[in-house]
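One structure is given below, encoded as structure tokens.
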Amino acid sequence: MTKRNCNTKIIIRCSEMEKSAIVLAKSQLKARTWLELIEKLLTKKKIEPPKIIIQDDVYLLEILMELKRCGNNLNQICKICNGSKSITPSETAKIKKLAVNISTLKQKVLKTFVVEGGK
């Protein structure tokens, strides 16, 4: 392993709001050091702004938990049907449609409650 010569210092002046955005980006990219953050940013093709919840986050979590429960129930139905081999092709199509509907609804809820970049 080659030892890196890290004796050059870079100083950046920014506002408190800019600093908090940079710290948030560091945590979202799971960078352990500032240098690692810069390396990740340089190699990443598209930098996405952090998502900020603009609505009541408790209400959002309740909706997402209910959708998760619906998905879990659907998985249990599929497990029983696969185990007993008693499912018809039309029932399979209905279950697939329900799964797609749950996924679509989740995406719509997230788009309604979450704004990218805080705008």
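Residues are named by chain letter and number: chains run A, B, ... in the order of the structure tokens, numbers start at 1 in each chain, and ligands are numbered from 1 in the order shown.
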Distance table requested - segment 4-78 of chain A against segment 98-102 of chain A, cut-off 12 Å, only C-alpha atoms: one row per qualifying residue with the closest atom pair and its distance in Å to one decimal, ordered by chain and rising residue number, as CSV.
```
residue,atom,partner,partner_atom,distance
A:Ile63,CA,A:Ile102,CA,11.5
A:Leu64,CA,A:Ile102,CA,10.3
A:Met65,CA,A:Ile102,CA,11.8
A:Glu66,CA,A:Ile102,CA,10.2
A:Leu67,CA,A:Ile102,CA,6.6
A:Lys68,CA,A:Ile102,CA,8.6
A:Arg69,CA,A:Ile102,CA,10.3
A:Cys70,CA,A:Ile102,CA,7.6
A:Gly71,CA,A:Ile102,CA,7.0
A:Asn72,CA,A:Ala99,CA,10.3
A:Asn73,CA,A:Ala99,CA,10.5
A:Leu74,CA,A:Ala99,CA,7.4
A:Asn75,CA,A:Ala99,CA,9.1
A:Ile77,CA,A:Ala99,CA,11.6
A:Cys78,CA,A:Ala99,CA,10.7
```
Filtered DSSP result for chain A, state alpha helix (DSSP H), as an MDAnalysis selection string:
chainID A and resid 16:28 34:43 57:84 89:113
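Atom CA of Val109 of chain A to atom CA of Ile80 of chain A spans 29.4 Å [interatomic distance, one decimal].
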